[in-house]
$ cat upload00.txt   # compact mmCIF, C-alpha atoms
# COMPACT_ATOMS: atom_id res chain seq x y z
CA MET R 1 5.17 25.80 -32.02
CA SER R 2 6.10 25.62 -35.74
CA ASP R 3 3.72 25.13 -38.65
CA GLY R 4 2.91 21.46 -38.20
CA ASN R 5 6.55 20.31 -38.19
CA PRO R 6 6.68 17.19 -35.98
CA ARG R 7 10.39 17.66 -35.24
CA ASP R 8 9.75 21.12 -33.84
CA SER R 9 6.93 19.70 -31.72
CA VAL R 10 9.26 17.04 -30.31
CA ARG R 11 11.95 19.64 -29.59
CA ALA R 12 9.40 21.85 -27.83
CA SER R 13 8.20 18.91 -25.73
CA ILE R 14 11.76 17.97 -24.76
CA ALA R 15 12.53 21.58 -23.85
CA GLN R 16 9.38 21.77 -21.74
CA VAL R 17 10.30 18.54 -19.90
CA GLY R 18 13.82 19.85 -19.33
CA THR R 19 12.47 23.12 -17.96
CA GLU R 20 10.10 21.32 -15.59
CA ALA R 21 12.84 18.96 -14.39
CA ALA R 22 15.44 21.70 -13.85
CA PRO R 23 14.64 22.35 -10.16
CA TYR R 24 14.89 18.64 -9.36
CA VAL R 25 18.18 18.30 -11.24
CA THR R 26 19.64 21.32 -9.47
CA MET R 27 18.57 20.02 -6.08
CA MET R 28 20.06 16.58 -6.76
CA ARG R 29 23.31 18.12 -8.00
CA ILE R 30 23.67 20.16 -4.82
CA ALA R 31 22.83 17.13 -2.68
CA LEU R 32 25.38 14.92 -4.46
CA VAL R 33 28.12 17.54 -4.03
CA GLU R 34 27.37 17.80 -0.31
CA LEU R 35 27.23 14.01 0.05
CA ALA R 36 30.61 13.66 -1.66
CA ARG R 37 32.12 15.98 0.94
CA SER R 38 30.93 13.92 3.90
CA ARG R 39 33.26 11.24 5.22
CA LEU R 40 30.38 9.38 6.83
CA ALA R 41 28.41 9.45 3.58
CA ARG R 42 31.40 8.05 1.69
CA LEU R 43 31.80 5.28 4.27
CA GLY R 44 28.10 4.46 4.17
CA GLY R 45 28.07 4.52 0.37
CA LEU R 46 31.07 2.17 0.25
CA LEU R 47 29.42 -0.31 2.62
CA LEU R 48 26.13 -0.08 0.72
CA ALA R 49 27.91 -0.59 -2.61
CA LEU R 50 29.63 -3.66 -1.18
CA ALA R 51 26.28 -5.07 -0.05
CA ALA R 52 24.72 -4.33 -3.46
CA LEU R 53 27.66 -5.93 -5.28
CA THR R 54 27.31 -9.01 -3.08
CA ALA R 55 23.58 -9.20 -3.83
CA VAL R 56 24.08 -8.85 -7.59
CA SER R 57 26.90 -11.41 -7.74
CA ALA R 58 25.41 -13.86 -5.23
CA ASP R 59 25.11 -16.62 -7.86
CA LEU R 60 28.75 -16.17 -8.78
CA LEU R 61 29.90 -16.30 -5.17
CA ALA R 62 27.86 -19.29 -3.98
CA SER R 63 25.92 -21.71 -6.16
CA ASP R 64 25.51 -25.44 -6.69
CA LEU R 65 26.26 -24.96 -10.43
CA PRO R 66 29.53 -23.65 -11.87
CA VAL R 67 30.18 -20.15 -13.16
CA ALA R 68 31.17 -21.60 -16.53
CA CYS R 69 31.74 -25.12 -17.80
CA ARG R 70 32.07 -27.37 -20.81
CA TRP R 71 29.87 -30.41 -20.42
CA ARG R 72 29.26 -33.22 -22.92
CA GLY R 73 30.60 -31.16 -25.80
CA ALA R 74 28.63 -27.98 -25.02
CA THR R 75 29.93 -24.82 -23.36
CA TYR R 76 27.76 -23.05 -20.78
CA LEU R 77 28.38 -19.52 -19.53
CA LEU R 78 26.87 -18.55 -16.20
CA PRO R 79 24.81 -21.74 -15.77
CA SER R 80 24.44 -20.80 -12.10
CA ILE R 81 22.17 -17.97 -13.33
CA THR R 82 20.63 -19.34 -16.53
CA ARG R 83 19.97 -22.85 -15.15
CA PRO R 84 20.07 -24.72 -18.50
CA ALA R 85 17.87 -27.80 -18.79
CA ALA R 86 20.84 -29.93 -19.84
CA LEU R 87 22.34 -29.54 -16.36
CA ASP R 88 19.18 -30.46 -14.42
CA GLY R 89 19.93 -32.83 -11.58
CA LEU R 90 23.62 -31.90 -11.55
CA ASP R 91 25.73 -29.85 -9.20
CA CYS R 92 29.43 -29.09 -8.92
CA ALA R 93 30.18 -32.25 -6.92
CA ARG R 94 28.32 -34.56 -9.35
CA MET R 95 29.87 -32.86 -12.36
CA HIS R 96 33.36 -33.43 -10.93
CA ALA R 97 32.56 -37.09 -10.33
CA GLN R 98 31.00 -37.68 -13.78
CA ARG R 99 33.09 -35.49 -16.06
CA SER R 100 34.84 -37.05 -19.03
CA ASP R 101 37.68 -36.02 -21.31
CA GLY R 102 37.21 -32.51 -22.63
CA ASP R 103 34.89 -31.43 -19.82
CA TRP R 104 35.97 -28.60 -17.54
CA ILE R 105 34.31 -26.72 -14.68
CA LEU R 106 34.89 -23.24 -13.24
CA GLU R 107 33.40 -23.35 -9.77
CA PRO R 108 32.09 -20.34 -7.81
CA LEU R 109 33.82 -19.27 -4.62
CA VAL R 110 31.61 -21.70 -2.65
CA ALA R 111 30.12 -24.62 -4.54
CA PHE R 112 26.87 -24.81 -2.56
CA GLY R 113 23.51 -23.15 -3.05
CA PRO R 114 21.59 -21.36 -0.28
CA SER R 115 19.02 -24.18 0.05
CA GLU R 116 21.30 -27.13 -0.61
CA ALA R 117 22.19 -29.58 2.15
CA PRO R 118 25.24 -31.47 0.84
CA GLY R 119 24.43 -35.14 0.58
CA GLY R 120 21.19 -34.58 2.43
CA ALA R 121 23.15 -34.55 5.68
CA GLU R 122 21.93 -32.51 8.61
CA GLY R 123 23.97 -31.02 11.40
CA LEU R 124 26.12 -28.05 12.25
CA VAL R 125 29.57 -27.73 10.70
CA HIS R 126 32.12 -25.31 12.09
CA PRO R 127 33.53 -22.56 9.86
CA LEU R 128 36.38 -23.49 7.49
CA GLU R 129 35.50 -27.18 7.68
CA ARG R 130 34.56 -29.28 4.62
CA GLY R 131 34.72 -26.31 2.28
CA HIS R 132 32.27 -24.18 4.29
CA PRO R 133 34.00 -20.84 5.11
CA PHE R 134 31.14 -19.70 7.39
CA GLY R 135 30.09 -23.17 8.53
CA THR R 136 26.58 -24.59 8.09
CA ASP R 137 23.24 -24.32 9.82
CA ALA R 138 21.33 -27.14 11.53
CA LEU R 139 19.99 -28.38 8.17
CA GLY R 140 23.47 -28.65 6.68
CA ARG R 141 23.03 -25.62 4.42
CA ASP R 142 26.13 -23.54 3.73
CA LEU R 143 25.98 -20.35 5.78
CA PHE R 144 28.15 -18.35 3.37
CA ALA R 145 25.63 -19.06 0.61
CA ARG R 146 22.78 -18.11 2.96
CA VAL R 147 24.48 -14.81 3.84
CA VAL R 148 25.32 -13.67 0.29
CA HIS R 149 21.90 -14.69 -1.06
CA GLY R 150 20.32 -13.11 2.01
CA ALA R 151 21.83 -9.80 0.86
CA ARG R 152 19.82 -10.12 -2.35
CA THR R 153 16.64 -10.87 -0.39
CA ALA R 154 17.13 -7.97 2.02
CA LEU R 155 18.07 -5.33 -0.54
CA SER R 156 15.47 -6.33 -3.14
CA LEU R 157 12.66 -6.30 -0.60
CA GLY R 158 14.01 -3.18 1.08
CA PHE R 159 14.36 -1.07 -2.05
CA SER R 160 11.12 -2.24 -3.65
CA GLY R 161 9.17 -1.71 -0.43
CA ALA R 162 10.77 1.71 0.11
CA ALA R 163 9.84 2.71 -3.45
CA VAL R 164 6.18 1.97 -2.71
CA LEU R 165 6.43 3.71 0.65
CA VAL R 166 7.96 6.87 -0.84
CA ALA R 167 5.60 6.99 -3.82
CA LEU R 168 2.50 6.71 -1.63
CA GLY R 169 3.85 9.01 1.06
CA VAL R 170 4.81 11.80 -1.35
CA ALA R 171 1.62 11.52 -3.40
CA MET R 172 -0.77 11.47 -0.43
CA GLY R 173 1.15 14.08 1.58
CA ALA R 174 1.40 16.49 -1.34
CA LEU R 175 -2.26 15.97 -2.22
CA ALA R 176 -3.39 16.63 1.33
CA GLY R 177 -1.24 19.73 1.82
CA PHE R 178 -1.90 21.28 -1.58
CA ALA R 179 -5.62 20.52 -1.96
CA GLY R 180 -6.62 21.20 1.65
CA GLY R 181 -10.24 21.11 2.76
CA MET R 182 -12.04 17.78 2.63
CA VAL R 183 -9.16 16.02 0.87
CA ASP R 184 -6.78 17.06 3.62
CA ALA R 185 -9.22 15.90 6.29
CA ILE R 186 -9.70 12.47 4.67
CA VAL R 187 -5.97 11.84 4.18
CA THR R 188 -5.17 13.04 7.68
CA ARG R 189 -7.76 10.72 9.24
CA ALA R 190 -6.44 7.80 7.17
CA VAL R 191 -2.90 8.57 8.31
CA GLU R 192 -3.97 8.70 11.95
CA ALA R 193 -5.91 5.43 11.67
CA LEU R 194 -3.05 3.51 10.04
CA SER R 195 -0.46 4.99 12.39
CA ALA R 196 -2.40 3.63 15.35
CA ILE R 197 -1.96 0.01 14.19
CA PRO R 198 1.26 -1.60 15.55
CA THR R 199 3.37 -3.01 12.74
CA LEU R 200 3.95 -6.38 14.38
CA LEU R 201 0.24 -6.79 15.10
CA LEU R 202 -0.51 -6.05 11.45
CA VAL R 203 2.02 -8.68 10.36
CA LEU R 204 0.41 -11.28 12.64
CA VAL R 205 -3.06 -10.48 11.32
CA VAL R 206 -1.97 -10.74 7.69
CA SER R 207 -0.13 -14.01 8.31
CA ALA R 208 -3.31 -15.42 9.88
CA LEU R 209 -5.64 -14.25 7.09
CA VAL R 210 -3.53 -15.07 4.02
CA PRO R 211 -3.61 -18.80 3.18
CA HIS R 212 0.05 -19.02 2.18
CA PRO R 213 1.89 -15.94 3.46
CA THR R 214 5.48 -15.38 2.45
CA THR R 215 8.12 -12.95 3.60
CA ALA R 216 7.46 -10.81 0.52
CA THR R 217 3.72 -10.70 1.28
CA LEU R 218 4.31 -9.48 4.80
CA LEU R 219 6.90 -6.94 3.71
CA TRP R 220 4.57 -5.46 1.10
CA THR R 221 1.97 -5.19 3.84
CA ILE R 222 4.41 -3.18 5.93
CA ALA R 223 5.36 -0.95 2.98
CA LEU R 224 1.72 -0.21 2.17
CA THR R 225 1.07 0.99 5.71
CA ARG R 226 4.35 2.72 6.65
CA TRP R 227 3.80 5.51 4.12
CA THR R 228 1.83 7.42 6.75
CA GLU R 229 4.94 8.83 8.47
CA LEU R 230 6.28 10.24 5.21
CA ALA R 231 2.87 11.56 4.16
CA ARG R 232 2.60 13.54 7.39
CA LEU R 233 6.09 14.97 6.87
CA VAL R 234 5.52 15.91 3.21
CA ARG R 235 2.17 17.48 4.07
CA GLY R 236 3.84 19.71 6.63
CA GLU R 237 6.57 20.71 4.16
CA VAL R 238 3.99 21.51 1.47
CA LEU R 239 1.98 23.70 3.85
CA LEU R 240 5.18 25.49 4.85
CA VAL R 241 6.17 26.13 1.22
CA LEU R 242 2.68 27.32 0.27
CA GLY R 243 3.01 30.17 2.75
CA THR R 244 6.14 31.63 1.14
CA ASP R 245 6.28 34.80 -0.98
CA TYR R 246 7.48 33.14 -4.18
CA ILE R 247 4.40 30.88 -4.24
CA THR R 248 2.19 33.95 -3.89
CA ALA R 249 4.14 35.63 -6.70
CA ALA R 250 3.82 32.58 -8.97
CA ARG R 251 0.07 32.49 -8.43
CA ALA R 252 -0.19 36.24 -9.05
CA LEU R 253 1.62 35.77 -12.37
CA GLY R 254 -1.05 33.33 -13.46
CA ALA R 255 0.70 29.97 -12.91
CA SER R 256 -1.73 27.09 -12.86
CA PRO R 257 -2.10 25.00 -9.68
CA ALA R 258 -0.46 22.01 -11.39
CA ARG R 259 2.54 24.13 -12.41
CA VAL R 260 2.85 25.64 -8.95
CA LEU R 261 2.86 22.14 -7.49
CA ARG R 262 5.38 20.69 -9.97
CA ARG R 263 7.64 23.67 -10.38
CA HIS R 264 7.70 25.35 -7.00
CA VAL R 265 6.19 23.21 -4.24
CA LEU R 266 7.50 19.68 -4.80
CA PRO R 267 11.16 20.63 -5.50
CA ASN R 268 11.25 22.35 -2.11
CA ALA R 269 9.31 19.65 -0.27
CA ILE R 270 10.83 16.53 -1.85
CA GLY R 271 13.96 16.57 0.33
CA PRO R 272 12.35 14.68 3.23
CA ALA R 273 11.21 11.98 0.77
CA ILE R 274 14.78 11.32 -0.35
CA VAL R 275 15.94 11.07 3.24
CA ALA R 276 12.97 8.86 4.12
CA ALA R 277 13.88 6.54 1.25
CA ALA R 278 17.23 5.67 2.86
CA PHE R 279 15.71 5.22 6.31
CA GLY R 280 12.75 3.37 4.77
CA VAL R 281 15.01 0.78 3.16
CA ALA R 282 16.73 0.26 6.52
CA SER R 283 13.45 -0.11 8.41
CA ILE R 284 12.04 -2.59 5.90
CA ILE R 285 15.23 -4.68 5.94
CA LEU R 286 15.04 -4.73 9.74
CA ALA R 287 11.36 -5.68 9.59
CA GLU R 288 12.14 -8.49 7.14
CA ALA R 289 14.80 -9.82 9.49
CA ALA R 290 12.39 -9.61 12.44
CA VAL R 291 9.64 -11.44 10.52
CA ASP R 292 11.96 -14.29 9.57
CA PHE R 293 13.55 -14.34 13.04
CA LEU R 294 10.13 -14.91 14.60
CA ARG R 295 9.13 -17.39 11.83
CA VAL R 296 5.87 -15.48 11.33
CA GLY R 297 5.65 -16.11 7.59
CA SER R 298 5.67 -19.46 5.90
CA PRO R 299 9.08 -21.09 5.42
CA ASP R 300 9.61 -19.89 1.84
CA THR R 301 12.78 -20.72 -0.07
CA MET R 302 14.39 -17.26 0.16
CA ALA R 303 17.61 -17.02 2.13
CA SER R 304 17.29 -14.60 5.02
CA TRP R 305 19.63 -13.17 7.61
CA GLY R 306 16.81 -13.14 10.15
CA GLU R 307 16.13 -16.85 9.68
CA SER R 308 19.78 -17.70 10.33
CA LEU R 309 19.77 -15.52 13.44
CA GLY R 310 16.58 -17.26 14.58
CA GLU R 311 18.26 -20.66 14.38
CA ALA R 312 20.88 -19.48 16.86
CA ARG R 313 18.19 -19.48 19.57
CA LEU R 314 18.09 -23.28 19.42
CA TYR R 315 21.83 -23.82 18.98
CA VAL R 316 23.56 -21.45 21.37
CA GLN R 317 26.93 -23.10 20.75
CA ALA R 318 26.79 -22.22 17.05
CA TRP R 319 28.26 -18.74 17.38
CA TRP R 320 28.71 -18.45 13.62
CA LEU R 321 24.93 -18.37 13.17
CA ILE R 322 24.97 -15.04 15.02
CA VAL R 323 28.26 -13.49 13.96
CA PHE R 324 28.12 -13.68 10.15
CA PRO R 325 24.42 -12.93 9.46
CA GLY R 326 24.43 -10.37 12.28
CA ALA R 327 27.48 -8.60 10.87
CA ALA R 328 25.88 -8.47 7.40
CA LEU R 329 22.62 -7.09 8.82
CA LEU R 330 24.38 -4.57 11.06
CA GLY R 331 26.69 -3.36 8.30
CA THR R 332 23.80 -2.83 5.88
CA LEU R 333 21.69 -0.95 8.43
CA VAL R 334 24.62 1.24 9.51
CA SER R 335 25.46 2.10 5.90
CA LEU R 336 21.86 3.07 5.12
CA ASN R 337 21.62 5.20 8.24
CA LEU R 338 24.92 6.94 7.47
CA VAL R 339 23.71 7.75 3.95
CA GLY R 340 20.34 8.88 5.32
CA GLU R 341 21.89 11.18 7.91
CA ALA R 342 24.27 12.66 5.36
CA ALA R 343 21.41 13.17 2.88
CA ARG R 344 19.36 14.91 5.58
CA SER R 345 22.23 17.34 6.22
CA ALA R 346 22.86 17.85 2.51
CA LEU R 347 19.25 18.55 1.60
CA ASP R 348 18.53 20.85 4.54
CA PRO R 349 20.47 24.13 4.15
CA ARG R 350 19.90 25.00 7.81
CA LEU R 351 21.67 21.83 8.97
CA ARG R 352 24.37 22.27 6.33
CA PHE R 353 25.30 25.75 7.52
CA GLU R 354 24.75 25.14 11.23
CA SER R 355 27.06 22.11 11.43
CA PRO R 356 30.05 22.76 9.15
CA GLY R 357 32.08 20.14 10.98
CA SER R 358 29.89 17.32 9.75
CA THR R 359 31.57 17.25 6.36
CA GLY R 360 35.18 16.59 5.59
$ encode --input "upload00.txt" --output "structure tokens"
Amino acid sequence: MSDGNPRDSVRASIAQVGTEAAPYVTMMRIALVELARSRLARLGGLLLALAALTAVSADLLASDLPVACRWRGATYLLPSITRPAALDGLDCARMHAQRSDGDWILEPLVAFGPSEAPGGAEGLVHPLERGHPFGTDALGRDLFARVVHGARTALSLGFSGAAVLVALGVAMGALAGFAGGMVDAIVTRAVEALSAIPTLLLVLVVSALVPHPTTATLLWTIALTRWTELARLVRGEVLLVLGTDYITAARALGASPARVLRRHVLPNAIGPAIVAAAFGVASIILAEAAVDFLRVGSPDTMASWGESLGEARLYVQAWWLIVFPGAALLGTLVSLNLVGEAARSALDPRLRFESPGSTG
């Protein structure tokens, strides 16, 4: 460190961070190269990107307000997202009926919101009738809007829940494997206790105890308990890495326990966490669909693929309630599993060299 020069201190700190992050960057670079070579990974990534694009642009694809408009002398960009107060009580149909000279409206692909029943009418409408490309559900809500906004619900809950799952699983598994002794015993017993509780039973208990449960509440409950599988896996990887020669050499050279953990143990044990993230998102999306299919949570306002599939139980003739939400759910789960399988092969050198035909 230089003689009190703050710039030199900042440069030294940045260099230290870069040095500590180098193993992670190298591992991710290798994994990305291997993923790019896999045909299945490219297919899964394309499907997942399509689902993410649909979720991000859901308000532009289906909304009761226009994408852009000029109304009463004022121009509004993306009112379907910003929801300006001047357009309260209006939708695309009312704006068309009430517009005056100088007003113009750029409608989304489907001019209905996910919770809007046009005209308050109830009843099933077949696909491609009355401006509904996917038809409607029993409440008269546009199914296309429900599907595209359901992508936002599924992916937002899936990725946020998986982030919690991975963070807890890696932290607790690494702590148990590296610390050992009493800490390992406590974490292991906690993992065994939580693993013994069936997920569906836990969801039912939480829905009974919470006064106003929502889908998000139940999904966070699942995420906070499903970390046990990853913790067990990370613990095993950490114990395996701790027995290698380079860990013994690092300790003999005087490396601190924190440095050994950051620099040598975690980069070699973090691979399963990345793979578990992809599979964790898929499992949470599937759990969200199951919760809404069974109507376990309260009927919140979020659009859900599982809720649309659940309605098909009562209206067996409405095939579109199964086909379109089911195809969206299946495509998302398949894409996540393809990416997860490819990541598992890319991050495990043994699998990469044993199965050369898996990449193209």
$ atom_distance --input "upload00.txt" --atom1 "CA of Val316 in chain R" --atom2 "CA of Val334 in chain R"
25.6 Å
$ atom_distance --input "upload00.txt" --atom1 "CA of Val234 in chain R" --atom2 "CA of Leu266 in chain R"
9.1 Å
$ atom_distance --input "upload00.txt" --atom1 "CA of Val170 in chain R" --atom2 "CA of Ala277 in chain R"
10.8 Å
$ closest_residue --input "upload00.txt" --among "R:Met172, R:Ala276, R:Thr153, R:Pro267" --to "Ala289 in chain R" --atoms "all atoms listed in the file"
R:Thr153
$ residues_around --input "upload00.txt" --residues "Ala62 in chain R" --least-positions-apart "6" --cutoff "7 Å" --atoms "all atoms listed in the file" --output "list in words"
Pro108, Leu109, Val110, Ala111, Phe112, Gly113 and Ala145 of chain R
$ residues_around --input "upload00.txt" --residues "Leu128 in chain R" --least-positions-apart "2" --cutoff "12 Å" --atoms "all atoms listed in the file" --output "PyMOL selection string"
chain R and resi 110+125-126+130-136+142-144+320
$ build_atoms --input "upload00.txt" --residues "range 318-336 of chain R" --atoms "N, CA and C atoms" --output "PDB file, in the coordinates of the input"
ATOM      1  N   ALA R 318      26.444 -22.550  18.435  1.00  0.00           N
ATOM      2  CA  ALA R 318      26.790 -22.220  17.050  1.00  0.00           C
ATOM      3  C   ALA R 318      26.928 -20.706  16.916  1.00  0.00           C
ATOM      4  N   TRP R 319      28.050 -20.186  17.375  1.00  0.00           N
ATOM      5  CA  TRP R 319      28.260 -18.740  17.380  1.00  0.00           C
ATOM      6  C   TRP R 319      28.253 -18.162  15.966  1.00  0.00           C
ATOM      7  N   TRP R 320      28.641 -18.971  14.989  1.00  0.00           N
ATOM      8  CA  TRP R 320      28.710 -18.450  13.620  1.00  0.00           C
ATOM      9  C   TRP R 320      27.333 -18.116  13.055  1.00  0.00           C
ATOM     10  N   LEU R 321      26.275 -18.705  13.619  1.00  0.00           N
ATOM     11  CA  LEU R 321      24.930 -18.370  13.170  1.00  0.00           C
ATOM     12  C   LEU R 321      24.519 -16.962  13.599  1.00  0.00           C
ATOM     13  N   ILE R 322      25.221 -16.411  14.570  1.00  0.00           N
ATOM     14  CA  ILE R 322      24.970 -15.040  15.020  1.00  0.00           C
ATOM     15  C   ILE R 322      25.944 -14.061  14.381  1.00  0.00           C
ATOM     16  N   VAL R 323      27.217 -14.433  14.348  1.00  0.00           N
ATOM     17  CA  VAL R 323      28.260 -13.490  13.960  1.00  0.00           C
ATOM     18  C   VAL R 323      28.137 -13.070  12.497  1.00  0.00           C
ATOM     19  N   PHE R 324      28.066 -14.032  11.574  1.00  0.00           N
ATOM     20  CA  PHE R 324      28.120 -13.680  10.150  1.00  0.00           C
ATOM     21  C   PHE R 324      26.815 -13.051   9.639  1.00  0.00           C
ATOM     22  N   PRO R 325      25.646 -13.644   9.889  1.00  0.00           N
ATOM     23  CA  PRO R 325      24.420 -12.930   9.460  1.00  0.00           C
ATOM     24  C   PRO R 325      24.222 -11.617  10.216  1.00  0.00           C
ATOM     25  N   GLY R 326      24.575 -11.602  11.505  1.00  0.00           N
ATOM     26  CA  GLY R 326      24.430 -10.370  12.280  1.00  0.00           C
ATOM     27  C   GLY R 326      25.332  -9.267  11.775  1.00  0.00           C
ATOM     28  N   ALA R 327      26.573  -9.609  11.410  1.00  0.00           N
ATOM     29  CA  ALA R 327      27.480  -8.600  10.870  1.00  0.00           C
ATOM     30  C   ALA R 327      26.968  -8.056   9.538  1.00  0.00           C
ATOM     31  N   ALA R 328      26.425  -8.932   8.684  1.00  0.00           N
ATOM     32  CA  ALA R 328      25.880  -8.470   7.400  1.00  0.00           C
ATOM     33  C   ALA R 328      24.685  -7.547   7.621  1.00  0.00           C
ATOM     34  N   LEU R 329      23.793  -7.918   8.533  1.00  0.00           N
ATOM     35  CA  LEU R 329      22.620  -7.090   8.820  1.00  0.00           C
ATOM     36  C   LEU R 329      23.036  -5.755   9.430  1.00  0.00           C
ATOM     37  N   LEU R 330      23.937  -5.795  10.400  1.00  0.00           N
ATOM     38  CA  LEU R 330      24.380  -4.570  11.060  1.00  0.00           C
ATOM     39  C   LEU R 330      25.086  -3.639  10.085  1.00  0.00           C
ATOM     40  N   GLY R 331      25.976  -4.188   9.253  1.00  0.00           N
ATOM     41  CA  GLY R 331      26.690  -3.360   8.300  1.00  0.00           C
ATOM     42  C   GLY R 331      25.764  -2.681   7.305  1.00  0.00           C
ATOM     43  N   THR R 332      24.750  -3.413   6.835  1.00  0.00           N
ATOM     44  CA  THR R 332      23.800  -2.830   5.880  1.00  0.00           C
ATOM     45  C   THR R 332      22.985  -1.729   6.536  1.00  0.00           C
ATOM     46  N   LEU R 333      22.494  -1.967   7.745  1.00  0.00           N
ATOM     47  CA  LEU R 333      21.690  -0.950   8.430  1.00  0.00           C
ATOM     48  C   LEU R 333      22.519   0.287   8.764  1.00  0.00           C
ATOM     49  N   VAL R 334      23.754   0.091   9.203  1.00  0.00           N
ATOM     50  CA  VAL R 334      24.620   1.240   9.510  1.00  0.00           C
ATOM     51  C   VAL R 334      24.896   2.055   8.256  1.00  0.00           C
ATOM     52  N   SER R 335      25.179   1.377   7.135  1.00  0.00           N
ATOM     53  CA  SER R 335      25.460   2.100   5.900  1.00  0.00           C
ATOM     54  C   SER R 335      24.259   2.920   5.442  1.00  0.00           C
ATOM     55  N   LEU R 336      23.062   2.343   5.528  1.00  0.00           N
ATOM     56  CA  LEU R 336      21.860   3.070   5.120  1.00  0.00           C
ATOM     57  C   LEU R 336      21.593   4.253   6.037  1.00  0.00           C
TER      58      LEU R 336
END
